[in-house]
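Asks: Attaching a single structure in structure tokens format; questions to follow.
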Amino acid sequence: MIETDTARSLQNLFDLDQLESMEHLFDRLFPLCRSITGPGLRETLQILTEFIPLQIFGVPTGEQVYDWKVPKEWRIYGARLTAPDGEVIADFTQHNLHVLNYSVPVDETLELEQLQTHLHSLPQLPDAIPYVTSYYKERWGFCIPHSVREQLKPGKYHAKIDSELVDGELNYAHAILPGESSEEILISTYVCHPSMANNELSGPLTAAGLYQRLKKWNKRRFTYRFVFVPETIGSIAYLHRFGQELKQNLYSGLVVTCVGGHESLSFKHSRREDAPIDQMISHLAQNNSLELRERPFTPNYGSDERQYGSPGFNLPVGQISRKLDGGYKEYHTSLDNKENMPLNTLLDSVDQLETILKALEFDGYYVNQSPYGEVKLDRHGLYPDMNSHQTRSKSNNEVIDSRQQLNRILTILNYCDGEHRMLEIAEKCKCSVIDLIPIVQLLLDKGLLKGPYSMKRGLDS
Amino acid sequence: MIETDTARSLQNLFDLDQLESMEHLFDRLFPLCRSITGPGLRETLQILTEFIPLQIFGVPTGEQVYDWKVPKEWRIYGARLTAPDGEVIADFTQHNLHVLNYSVPVDETLELEQLQTHLHSLPQLPDAIPYVTSYYKERWGFCIPHSVREQLKPGKYHAKIDSELVDGELNYAHAILPGESSEEILISTYVCHPSMANNELSGPLTAAGLYQRLKKWNKRRFTYRFVFVPETIGSIAYLHRFGQELKQNLYSGLVVTCVGGHESLSFKHSRREDAPIDQMISHLAQNNSLELRERPFTPNYGSDERQYGSPGFNLPVGQISRKLDGGYKEYHTSLDNKENMPLNTLLDSVDQLETILKALEFDGYYVNQSPYGEVKLDRHGLYPDMNSHQTRSKSNNEVIDSRQQLNRILTILNYCDGEHRMLEIAEKCKCSVIDLIPIVQLLLDKGLLKGPYSMKRGLDS
Amino acid sequence: MIETDTARSLQNLFDLDQLESMEHLFDRLFPLCRSITGPGLRETLQILTEFIPLQIFGVPTGEQVYDWKVPKEWRIYGARLTAPDGEVIADFTQHNLHVLNYSVPVDETLELEQLQTHLHSLPQLPDAIPYVTSYYKERWGFCIPHSVREQLKPGKYHAKIDSELVDGELNYAHAILPGESSEEILISTYVCHPSMANNELSGPLTAAGLYQRLKKWNKRRFTYRFVFVPETIGSIAYLHRFGQELKQNLYSGLVVTCVGGHESLSFKHSRREDAPIDQMISHLAQNNSLELRERPFTPNYGSDERQYGSPGFNLPVGQISRKLDGGYKEYHTSLDNKENMPLNTLLDSVDQLETILKALEFDGYYVNQSPYGEVKLDRHGLYPDMNSHQTRSKSNNEVIDSRQQLNRILTILNYCDGEHRMLEIAEKCKCSVIDLIPIVQLLLDKGLLKGPYSMKRGLDS
């Protein structure tokens, strides 16, 4: 296995929190002709290192990764389909979707009838160029708008594709952002589709933006692993190398895909269904900290969560998306472009992912340091020192609030026995775990609590 | 303990799958005066050996079987009740229900008034002869239609019962049909009622027919144990001898009783409530592979499932019936005859029991042999090798079906981790486990799966 | 730690089962000025020893009990607030609620305006004297009806409180009523409020009455521990001394508070939520053996169940009350008096608590001594010895009852496998566990059952 470590120090020339810098990066990446291997993929990863210090890996052609074998690397230099009258029907320089992805080279003149088996178009979207691939069987082809195809006249066409399939490598990359613990949170996205917006760039741009956010946090409890792979075979190759490490360390993970657009986010549960990530996102959605729908796990369709959730790994990795599983009109066509994917919605995705991660950082098992009998709250400035009809609804002498804070303090102290997650305690308080962050911080500061811990533990540990 | 091994090789002169042969057998067995002991019981078992190679056992009078003691053997040769005018009121040769089952001998002339305490009739069914027994307390009696009883005139009646209670034995029988595993499935039915159809012969005839079906299967995963006993004391005696063996080997069992008639089958759950047999029959009923109602377990009434489900054994044995727990008009009377129990419904019971057993053979834990990442399905001829808008809904290049088969393959491969039963996987597929049989066979043939196993296991075992 | 063992032999001069003796005791205890420490508390415990052989303990001022420290002992001898015109506004001898509980001494003349910060009244209940305390911060004050306060005219008032805060002790007491087992049931109540009825005397009077009932039982399976403490700090001090003992032995417990009045009883679940006490009271309520509502556990308000249910102890202690958590008009005022709390309702509380305890004594795991096959019931006089249409609905030859008793016998024998509580078996019988007491006694007498045991066990143990 060859490794190409091209990680650089993060330059932050552009802060992806700004719409303009997000758009600038989008415009650089969009035209590249990516595939599951090849120069377009490598260049994409290279550009991303300006924003996130990716370490880039390569797996050579022919290497077996579980049930899969890394194919030859595809290199495409140009392609043109010319009509009998000399008109150019499809040109790679106009749009890289015109070439069937992974086309073998061709330089042939043939009748329209013969050509038809090499053409791909969509009657239902007559102006769109479809996206078609043939990674594992040698083919060549052109993808064109159906409206153009219907105008083709009989005669001899010239098909020329200047590509090669060579022994090379399949690339993927990751960046590790260390935290206090070796327990990890995985953010995984894919980089293998040519010029498409939602079903390609929304993921890497959002992941890079999220990386920049987490980098700024004062402290991180978890170690964060950002993974950029070609979909399916890339995550399988990644698991082949890092799967055991993930099995050992992974606390929670998310595959980020198609997160642009105005639909609310949607969470596909992990195969485990009740891992911390599953419980947390359900909790946040049910307590209005996120506007988000939920879907059950399925291995039948989706993205790389299917690989992380294959039975041999069964990792706690869900999937976050706005556009579900190909269920939108522009999916896999030239219409999946910037116009149909407002870039500001990626910034909103970054915000919401950060909320989820903050909640995961906060959640866990805490231990009351004074668990025998009630804590004498007034001694700690958390309770009024006189009991009268006027004080009974106050949480201390000064603050004339409702009893809400006092009740939350009492509930937290009572259930922080090392066996109840803070999320469960929030549900006893009938609020979002996010609402408990300042109160728990107060109790930590006063030495009344210790935590959070990822695993259950006894009161005396 | 005396054993009478009378097992013969199965002759199959009659195939019980035919209505005529079923009726022929019925007509031979119906007239015999069976009881919990005696010649009628033995002759019944002997006739059945022509269809199922029963091994017949005997337990001697006086032997203690748990809380019970085997009573003396009852032999009945004749009985007649004669009116003062010489009219024969009841004659054993006319119908064996006329004699209270287990009557001691009597030869006495007595006034009508004295006679009354020895007469049994049913006001609510005035033309029926009731079925009455007194196994454990010495009595004599005659059972007659209530319409006849009301016509009796005062005077001296002559009661003569030519019977004896002698040291003998209680008989039961079983046949073992071996399978690949020593794990067993039990089919248990009873043979102790005199001339009655549903509440006697429906069980043994159906069990014998089912034996013949299973005998024809190409292979059997489980070993099948067919048990024919006098109800209650017979199954207790059987457990006394074979209970430990059953505790060790039994995977699932069914008591078959009253399975004639047009009502749909009904399943009484085993005491365990969630044994494989319980889960499977619920699953098949809920997914329309069986038309069947369900009942909870109760020790309060029913048949021998109460003995198999006594707390010391707690075997996973349910009960299958169409006529529930005496809840039909003809129950325990001379009206429970062939006219009221269409014999073709026994053939339908055989069919449905075979479906249940096939499903149990198929169910279990399977293990994906390539569990790390997805299986590359096209490599195994299970997926199209080009990804386009046209191929996305196909399961391979040739078959233009819906994605249903592909989805089932993906779901099966993902959840065959040695920890999910196939029944659970079928529920994830929202279909009956029966529908998955051909797909699982395909995956077994391709070496992608191993199984079924009866117990959970790891991926690497 | 100082102990003052003042236990006497129970004299039973008054049987608290009589309304008059209950009232006599009430009238002796009501006028005492109790607090969390001091002579009023001690005198109350002393009087109670005439009815229940309490052992009285003392914890010295300054001793740390977990997060709490025992305060100085409060002694109050008199208090009077005099108006400029000489009128007595508030006099301790008229009502002990007039003095803010734990007032430091004062002898001061001051203007109305200055006095106001030391006055407490309730606008919403203008004729009531409120109950106000300041145990842990030194203050003085008077509590008066709001109607009186509004009439006060400017001028110089004389405030005189003759009290002292001295090194002394905090007292609590318990009585142990031994049973066959060292497993314990706890009845805990509090004795720290001055002249109030429901929110003070209802608990100790009911507990004392219950003690007298249990004393009369022929046998007790459990050991009963009756605890009388000042609320909160008293139960914390009690746990500091006896908490480990309780952790080891406690099977179930109840805090008894505000159990007077015509509302039905209400049960607050223990922190464990599914301890035997939780399951039993739910069961009795759902099966109409108690008229009782249920509340979930909360640490946010309530009585000493919050201390027993602090995370370090997590004892199976619920709370029984009629007047919930201060949710009644008279709460913490001079209106909480005998007129508003009919004493006969305390006798009803004793009855209902006795029912709960009887059910707990009866419940548990029982073991069928003949678990292999059915018990032959006729052999034990529990079943008819003839099977006919007439006898099928009888439970033996003599008793012409419905099959109900027979069904209960069969269900009990089947499920008494050492793994089902009698409460669960009652639910299978669709009746209250109370209804099974005579049947189980019958089966115990016949040697068919053994039990009850508090823990699951095998059939052969």
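Letters for chains follow the order of the structure tokens (A, B, ...), residue numbers begin at 1 for each chain, and ligand numbers begin at 1 in the order shown.
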Please find the residues of chain B near chain A - the criterion being any atom within 9 Å, counting only C-alpha atoms - and write them as a CSV table (one decimal) with C-alpha atoms, in the first residue's frame.
Replies:
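out.csv was written with the following content:
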chain,number,residue,atom,x,y,z
B,368,ASN,CA,-22.6,-13.9,5.9
B,370,SER,CA,-18.1,-11.8,3.4
B,371,PRO,CA,-19.2,-9.5,6.2
B,372,TYR,CA,-16.7,-6.7,5.9
B,373,GLY,CA,-18.1,-4.0,3.6
B,374,GLU,CA,-20.8,-4.9,1.1
B,375,VAL,CA,-20.5,-8.0,-1.0
B,376,LYS,CA,-19.7,-7.0,-4.6
B,378,ASP,CA,-22.1,-8.0,-9.7
B,379,ARG,CA,-19.1,-10.3,-9.2
B,385,ASP,CA,-22.5,-3.8,-13.9
B,386,MET,CA,-23.5,-0.4,-15.1
B,387,ASN,CA,-25.1,2.3,-13.0
B,388,SER,CA,-27.6,4.4,-15.0
B,389,HIS,CA,-31.1,5.6,-14.6
B,406,LEU,CA,-32.1,-6.9,-4.7
B,407,ASN,CA,-33.4,-5.3,-1.6
B,408,ARG,CA,-34.1,-8.6,0.0
B,409,ILE,CA,-30.5,-9.8,-0.9
B,410,LEU,CA,-29.0,-6.7,0.7
B,411,THR,CA,-31.1,-7.0,3.8
B,413,LEU,CA,-26.6,-10.2,3.7
B,414,ASN,CA,-26.5,-7.2,6.1
B,415,TYR,CA,-28.4,-8.9,9.0
B,416,CYS,CA,-27.0,-12.4,8.6
B,417,ASP,CA,-24.5,-11.7,11.3
B,428,LYS,CA,-37.3,-6.2,8.2
B,459,LEU,CA,-19.3,-14.0,12.5
Asks: Quick one: DSSP helix (DSSP H, G or I) residues in region 85-229 of chain B, as a ChimeraX atom specification?
Replies: /B:96-98,112-116,146-151,197-216
Asks: Would you put the residues from that selection into a file with N, CA and C atoms, as a compact mmCIF listing (two decimals), in the first residue's frame?
Replies:
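Output file again_33.txt follows:
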# COMPACT_ATOMS: atom_id res chain seq x y z
N ASN B 96 -70.50 -47.61 21.83
CA ASN B 96 -69.72 -47.85 23.05
C ASN B 96 -69.78 -46.70 24.04
N LEU B 97 -70.34 -45.55 23.64
CA LEU B 97 -70.52 -44.46 24.61
C LEU B 97 -71.61 -44.79 25.63
N HIS B 98 -72.46 -45.80 25.34
CA HIS B 98 -73.53 -46.15 26.28
C HIS B 98 -72.99 -46.56 27.65
N LEU B 112 -86.21 -48.13 39.12
CA LEU B 112 -85.82 -46.96 38.33
C LEU B 112 -85.17 -45.90 39.22
N GLU B 113 -85.76 -45.69 40.34
CA GLU B 113 -85.26 -44.66 41.24
C GLU B 113 -83.80 -44.91 41.62
N GLN B 114 -83.49 -46.18 41.94
CA GLN B 114 -82.10 -46.53 42.27
C GLN B 114 -81.20 -46.38 41.04
N LEU B 115 -81.78 -46.75 39.90
CA LEU B 115 -81.00 -46.71 38.66
C LEU B 115 -80.55 -45.30 38.31
N GLN B 116 -81.40 -44.34 38.64
CA GLN B 116 -81.16 -42.95 38.16
C GLN B 116 -79.74 -42.46 38.48
N HIS B 146 -81.21 -38.13 26.49
CA HIS B 146 -82.15 -37.61 27.48
C HIS B 146 -83.60 -37.89 27.07
N SER B 147 -83.86 -37.88 25.79
CA SER B 147 -85.23 -38.16 25.30
C SER B 147 -85.64 -39.59 25.69
N VAL B 148 -84.70 -40.52 25.68
CA VAL B 148 -85.00 -41.89 26.10
C VAL B 148 -85.22 -41.94 27.60
N ARG B 149 -84.36 -41.22 28.31
CA ARG B 149 -84.45 -41.27 29.78
C ARG B 149 -85.81 -40.77 30.26
N GLU B 150 -86.31 -39.74 29.59
CA GLU B 150 -87.58 -39.18 30.04
C GLU B 150 -88.76 -40.13 29.82
N GLN B 151 -88.59 -41.11 28.95
CA GLN B 151 -89.68 -42.07 28.69
C GLN B 151 -89.65 -43.27 29.65
N ALA B 197 -64.98 -38.47 16.80
CA ALA B 197 -64.26 -38.14 15.56
C ALA B 197 -63.27 -37.00 15.80
N ASN B 198 -63.78 -35.81 16.02
CA ASN B 198 -62.88 -34.66 16.13
C ASN B 198 -62.03 -34.77 17.39
N ASN B 199 -62.74 -35.00 18.51
CA ASN B 199 -62.01 -35.07 19.78
C ASN B 199 -61.41 -36.46 19.97
N GLU B 200 -60.92 -37.08 18.92
CA GLU B 200 -60.15 -38.31 19.05
C GLU B 200 -59.39 -38.56 17.75
N LEU B 201 -60.11 -38.98 16.72
CA LEU B 201 -59.40 -39.46 15.53
C LEU B 201 -58.76 -38.35 14.70
N SER B 202 -59.26 -37.12 14.80
CA SER B 202 -58.66 -36.05 13.97
C SER B 202 -57.17 -35.92 14.25
N GLY B 203 -56.78 -36.06 15.50
CA GLY B 203 -55.37 -35.91 15.87
C GLY B 203 -54.49 -37.02 15.31
N PRO B 204 -54.75 -38.31 15.63
CA PRO B 204 -53.89 -39.37 15.12
C PRO B 204 -53.88 -39.45 13.59
N LEU B 205 -55.02 -39.22 12.95
CA LEU B 205 -55.02 -39.30 11.48
C LEU B 205 -54.15 -38.19 10.88
N THR B 206 -54.27 -36.99 11.41
CA THR B 206 -53.47 -35.87 10.90
C THR B 206 -51.99 -36.10 11.19
N ALA B 207 -51.68 -36.58 12.38
CA ALA B 207 -50.28 -36.83 12.73
C ALA B 207 -49.68 -37.90 11.81
N ALA B 208 -50.46 -38.96 11.55
CA ALA B 208 -49.95 -40.02 10.67
C ALA B 208 -49.75 -39.48 9.25
N GLY B 209 -50.70 -38.66 8.78
CA GLY B 209 -50.54 -38.06 7.45
C GLY B 209 -49.31 -37.16 7.40
N LEU B 210 -49.09 -36.40 8.44
CA LEU B 210 -47.94 -35.51 8.48
C LEU B 210 -46.64 -36.32 8.47
N TYR B 211 -46.65 -37.43 9.20
CA TYR B 211 -45.46 -38.30 9.19
C TYR B 211 -45.12 -38.71 7.75
N GLN B 212 -46.16 -39.11 7.03
CA GLN B 212 -45.91 -39.57 5.65
C GLN B 212 -45.34 -38.44 4.78
N ARG B 213 -45.79 -37.24 4.98
CA ARG B 213 -45.25 -36.09 4.24
C ARG B 213 -43.76 -35.89 4.55
N LEU B 214 -43.45 -35.85 5.83
CA LEU B 214 -42.07 -35.54 6.24
C LEU B 214 -41.12 -36.64 5.79
N LYS B 215 -41.62 -37.86 5.77
CA LYS B 215 -40.83 -39.01 5.32
C LYS B 215 -40.35 -38.78 3.88
N LYS B 216 -41.18 -38.06 3.10
CA LYS B 216 -40.85 -37.84 1.68
C LYS B 216 -39.88 -36.69 1.46
Asks: Quick one: distance from CA of Tyr77 (chain C) to CA of His193 (chain C) in Å, one decimal?
Replies: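 Going from CA of Tyr77 (chain C) over to CA of His193 (chain C) covers 16.6 Å.
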Asks: Would you list the contacts of Ala159 (chain A) as an MDAnalysis selection string, taking every protein, DNA or RNA residue within 6 Å and counting only C-alpha atoms, but skipping same-chain residues closer than 6 positions in sequence?
Replies: chainID A and resid 81 107:108
Asks: Take CA of Asp348 (chain A) and CA of Ile425 (chain A) and report the distance between them in Å, one decimal.
Replies: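 Computing the Euclidean distance for CA of Asp348 (chain A) and CA of Ile425 (chain A) yields 28.4 Å.
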Asks: Check the DSSP output for the backbone and give back, as a list in words, the residues of region 234-308 of chain A in strand (DSSP E or B).
Replies: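 Written out, the strand (DSSP E or B) residues of region 234-308 of chain A are Leu250, Tyr251, Ser252, Gly253, Leu254, Val255, Val256, Leu265, Ser266, Phe267, Lys268, Leu292, Arg293, Glu294 and Arg295 of chain A.
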Asks: Would you save the residues of that selection, restricted to all heavy atoms, as a compact mmCIF listing (two decimals), in the first residue's frame?
Replies:
# COMPACT_ATOMS: atom_id res chain seq x y z
N LEU A 250 -14.33 4.03 17.90
CA LEU A 250 -15.41 4.89 17.42
C LEU A 250 -16.56 4.97 18.42
O LEU A 250 -17.16 3.97 18.81
CB LEU A 250 -15.94 4.41 16.06
CG LEU A 250 -16.75 5.51 15.36
CD1 LEU A 250 -15.83 6.66 14.97
CD2 LEU A 250 -17.45 4.98 14.13
N TYR A 251 -16.91 6.21 18.79
CA TYR A 251 -18.03 6.47 19.68
C TYR A 251 -19.29 6.75 18.86
O TYR A 251 -20.37 6.27 19.19
CB TYR A 251 -17.68 7.65 20.57
CG TYR A 251 -18.74 8.06 21.56
CD1 TYR A 251 -18.92 7.33 22.74
CD2 TYR A 251 -19.54 9.16 21.32
CE1 TYR A 251 -19.89 7.71 23.65
CE2 TYR A 251 -20.52 9.53 22.24
CZ TYR A 251 -20.70 8.81 23.40
OH TYR A 251 -21.66 9.17 24.30
N SER A 252 -19.14 7.54 17.80
CA SER A 252 -20.27 7.90 16.96
C SER A 252 -19.76 8.38 15.62
O SER A 252 -18.64 8.88 15.54
CB SER A 252 -21.08 9.05 17.58
OG SER A 252 -21.81 8.61 18.68
N GLY A 253 -20.59 8.27 14.60
CA GLY A 253 -20.17 8.78 13.31
C GLY A 253 -21.35 9.19 12.45
O GLY A 253 -22.49 8.78 12.68
N LEU A 254 -21.05 10.03 11.48
CA LEU A 254 -22.06 10.50 10.53
C LEU A 254 -21.48 10.50 9.13
O LEU A 254 -20.37 10.99 8.92
CB LEU A 254 -22.50 11.92 10.87
CG LEU A 254 -23.39 12.09 12.09
CD1 LEU A 254 -23.58 13.58 12.40
CD2 LEU A 254 -24.74 11.42 11.86
N VAL A 255 -22.23 9.98 8.19
CA VAL A 255 -21.93 10.18 6.77
C VAL A 255 -22.72 11.40 6.33
O VAL A 255 -23.92 11.51 6.61
CB VAL A 255 -22.32 8.93 5.96
CG1 VAL A 255 -22.32 9.24 4.48
CG2 VAL A 255 -21.37 7.79 6.30
N VAL A 256 -22.03 12.33 5.69
CA VAL A 256 -22.64 13.59 5.27
C VAL A 256 -22.80 13.55 3.76
O VAL A 256 -21.83 13.41 3.02
CB VAL A 256 -21.75 14.77 5.69
CG1 VAL A 256 -22.37 16.09 5.25
CG2 VAL A 256 -21.55 14.77 7.20
N LEU A 265 -33.04 18.87 7.53
CA LEU A 265 -32.14 17.72 7.58
C LEU A 265 -32.92 16.46 7.92
O LEU A 265 -34.00 16.51 8.53
CB LEU A 265 -31.05 17.94 8.64
CG LEU A 265 -29.95 18.91 8.24
CD1 LEU A 265 -29.01 19.15 9.42
CD2 LEU A 265 -29.13 18.39 7.05
N SER A 266 -32.34 15.35 7.52
CA SER A 266 -32.93 14.06 7.81
C SER A 266 -31.83 13.14 8.28
O SER A 266 -30.73 13.15 7.73
CB SER A 266 -33.59 13.52 6.55
OG SER A 266 -33.74 12.13 6.64
N PHE A 267 -32.11 12.37 9.31
CA PHE A 267 -31.11 11.48 9.89
C PHE A 267 -31.50 10.03 9.64
O PHE A 267 -32.60 9.61 10.01
CB PHE A 267 -31.01 11.72 11.40
CG PHE A 267 -30.09 10.75 12.12
CD1 PHE A 267 -28.73 10.69 11.82
CD2 PHE A 267 -30.59 9.89 13.08
CE1 PHE A 267 -27.89 9.80 12.48
CE2 PHE A 267 -29.75 9.00 13.75
CZ PHE A 267 -28.40 8.95 13.44
N LYS A 268 -30.61 9.32 9.02
CA LYS A 268 -30.79 7.87 8.88
C LYS A 268 -30.04 7.20 10.02
O LYS A 268 -28.83 7.39 10.18
CB LYS A 268 -30.23 7.41 7.53
CG LYS A 268 -30.23 5.91 7.33
CD LYS A 268 -29.68 5.54 5.96
CE LYS A 268 -29.47 4.04 5.81
NZ LYS A 268 -28.97 3.70 4.45
N LEU A 292 -35.53 18.29 12.23
CA LEU A 292 -34.92 17.13 11.58
C LEU A 292 -35.90 15.97 11.58
O LEU A 292 -36.62 15.74 12.56
CB LEU A 292 -33.65 16.78 12.37
CG LEU A 292 -32.83 15.59 12.00
CD1 LEU A 292 -31.35 15.88 12.27
CD2 LEU A 292 -33.26 14.37 12.80
N ARG A 293 -35.94 15.26 10.48
CA ARG A 293 -36.75 14.03 10.40
C ARG A 293 -35.84 12.82 10.63
O ARG A 293 -34.63 12.92 10.47
CB ARG A 293 -37.40 13.91 9.02
CG ARG A 293 -38.39 15.04 8.69
CD ARG A 293 -38.53 15.20 7.19
NE ARG A 293 -37.32 15.75 6.60
CZ ARG A 293 -36.92 15.53 5.34
NH1 ARG A 293 -37.65 14.78 4.54
NH2 ARG A 293 -35.81 16.06 4.90
N GLU A 294 -36.44 11.70 10.94
CA GLU A 294 -35.65 10.48 11.17
C GLU A 294 -36.07 9.38 10.20
O GLU A 294 -37.23 9.29 9.82
CB GLU A 294 -35.86 9.98 12.61
CG GLU A 294 -35.41 10.97 13.66
CD GLU A 294 -35.61 10.46 15.08
OE1 GLU A 294 -35.08 9.39 15.41
OE2 GLU A 294 -36.33 11.15 15.84
N ARG A 295 -35.09 8.58 9.82
CA ARG A 295 -35.33 7.40 8.98
C ARG A 295 -34.67 6.19 9.63
O ARG A 295 -33.61 6.32 10.24
CB ARG A 295 -34.65 7.57 7.60
CG ARG A 295 -35.25 8.59 6.69
CD ARG A 295 -34.30 8.84 5.52
NE ARG A 295 -33.17 9.66 5.91
CZ ARG A 295 -31.98 9.67 5.31
NH1 ARG A 295 -31.75 8.89 4.27
NH2 ARG A 295 -31.02 10.45 5.74
Asks: Would you list the contacts of Arg272 (chain C) as a list of chain:residue names, taking every protein, DNA or RNA residue within 10 Å and counting only C-alpha atoms, but skipping same-chain residues closer than 6 positions in sequence?
Replies: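 My list of contacting residues is C:Asp278, C:Phe297, C:Gly309, C:Asn314, C:Leu315, C:Pro316, C:Val317, C:Gly318.
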Asks: Generate a file of the selected residues that holds N, CA, C and O atoms, formatted as a PDB file, in the first residue's frame.
Replies:
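Heads up, here's the output in part_23.pdb:
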ATOM      1  N   ASP C 278     -43.207  -0.868  44.547  1.00  0.00           N
ATOM      2  CA  ASP C 278     -43.798  -0.187  43.388  1.00  0.00           C
ATOM      3  C   ASP C 278     -44.762  -1.098  42.648  1.00  0.00           C
ATOM      4  O   ASP C 278     -45.884  -0.715  42.306  1.00  0.00           O
ATOM      5  N   PHE C 297     -41.779   8.959  40.772  1.00  0.00           N
ATOM      6  CA  PHE C 297     -40.783   9.512  41.683  1.00  0.00           C
ATOM      7  C   PHE C 297     -40.276  10.842  41.144  1.00  0.00           C
ATOM      8  O   PHE C 297     -40.121  11.025  39.951  1.00  0.00           O
ATOM      9  N   GLY C 309     -34.086   7.961  48.707  1.00  0.00           N
ATOM     10  CA  GLY C 309     -33.859   7.782  47.273  1.00  0.00           C
ATOM     11  C   GLY C 309     -32.746   8.664  46.731  1.00  0.00           C
ATOM     12  O   GLY C 309     -32.698   8.904  45.532  1.00  0.00           O
ATOM     13  N   ASN C 314     -30.411   4.971  47.141  1.00  0.00           N
ATOM     14  CA  ASN C 314     -31.346   4.399  46.161  1.00  0.00           C
ATOM     15  C   ASN C 314     -32.171   3.278  46.773  1.00  0.00           C
ATOM     16  O   ASN C 314     -32.310   2.191  46.206  1.00  0.00           O
ATOM     17  N   LEU C 315     -32.741   3.540  47.932  1.00  0.00           N
ATOM     18  CA  LEU C 315     -33.512   2.519  48.628  1.00  0.00           C
ATOM     19  C   LEU C 315     -34.920   2.431  48.024  1.00  0.00           C
ATOM     20  O   LEU C 315     -35.446   3.424  47.522  1.00  0.00           O
ATOM     21  N   PRO C 316     -35.522   1.261  48.112  1.00  0.00           N
ATOM     22  CA  PRO C 316     -36.869   1.087  47.543  1.00  0.00           C
ATOM     23  C   PRO C 316     -37.950   1.651  48.454  1.00  0.00           C
ATOM     24  O   PRO C 316     -38.739   0.908  49.013  1.00  0.00           O
ATOM     25  N   VAL C 317     -37.959   2.956  48.587  1.00  0.00           N
ATOM     26  CA  VAL C 317     -38.879   3.625  49.510  1.00  0.00           C
ATOM     27  C   VAL C 317     -39.764   4.593  48.733  1.00  0.00           C
ATOM     28  O   VAL C 317     -39.270   5.521  48.094  1.00  0.00           O
ATOM     29  N   GLY C 318     -41.060   4.352  48.783  1.00  0.00           N
ATOM     30  CA  GLY C 318     -42.026   5.263  48.177  1.00  0.00           C
ATOM     31  C   GLY C 318     -42.644   6.150  49.247  1.00  0.00           C
ATOM     32  O   GLY C 318     -42.168   6.213  50.385  1.00  0.00           O
TER      33      GLY C 318
END
Asks: Quick one, how far is CA of Asp445 (chain A) from CA of His380 (chain A)?
Replies: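 These two atoms are separated by 10.9 Å.
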Asks: With only C-alpha atoms as the counted atoms, please give the residues lying no more than 8 Å from Leu335 (chain C), apart from itself and same-chain residues fewer than 5 positions off, as a PyMOL selection string.
Replies: chain C and resi 128-129+330+340
Asks: Write the residues of the selection above to a file with C-alpha atoms, as a PDB file, in the first residue's frame.
Replies:
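Resulting contents of selection16.pdb:
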ATOM      1  CA  ALA C 128     -54.289  32.301  58.767  1.00  0.00           C
ATOM      2  CA  ILE C 129     -51.014  32.410  60.668  1.00  0.00           C
ATOM      3  CA  GLU C 330     -54.189  25.026  54.601  1.00  0.00           C
ATOM      4  CA  ASN C 340     -59.694  20.270  58.607  1.00  0.00           C
TER       5      ASN C 340
END
Asks: Mind checking which residues fall within 10 Å of Tyr172 (chain A), counting only C-alpha atoms, ignoring those fewer than 4 positions away in the same chain, and posting them as number ranges by chain?
Replies: A: 3-4, 36-37, 41-42, 45, 54-59, 190-191, 227-231, 234-235, 237-238
Asks: Between B:Phe30, B:Ser432, B:Gln441, B:Ala175, which is the closest to Asn288 (chain B) once you count only C-alpha atoms?
Replies: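 Between B:Phe30, B:Ser432, B:Gln441, B:Ala175, the residue approaching Asn288 (chain B) most closely is B:Ser432.
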Asks: Ser182 (chain C): which residues within 9 Å, counting only C-alpha atoms, same-chain residues fewer than 3 positions away excluded, as a VMD selection string?
Replies: chain C and resid 178 to 179 221 to 223 249 to 250
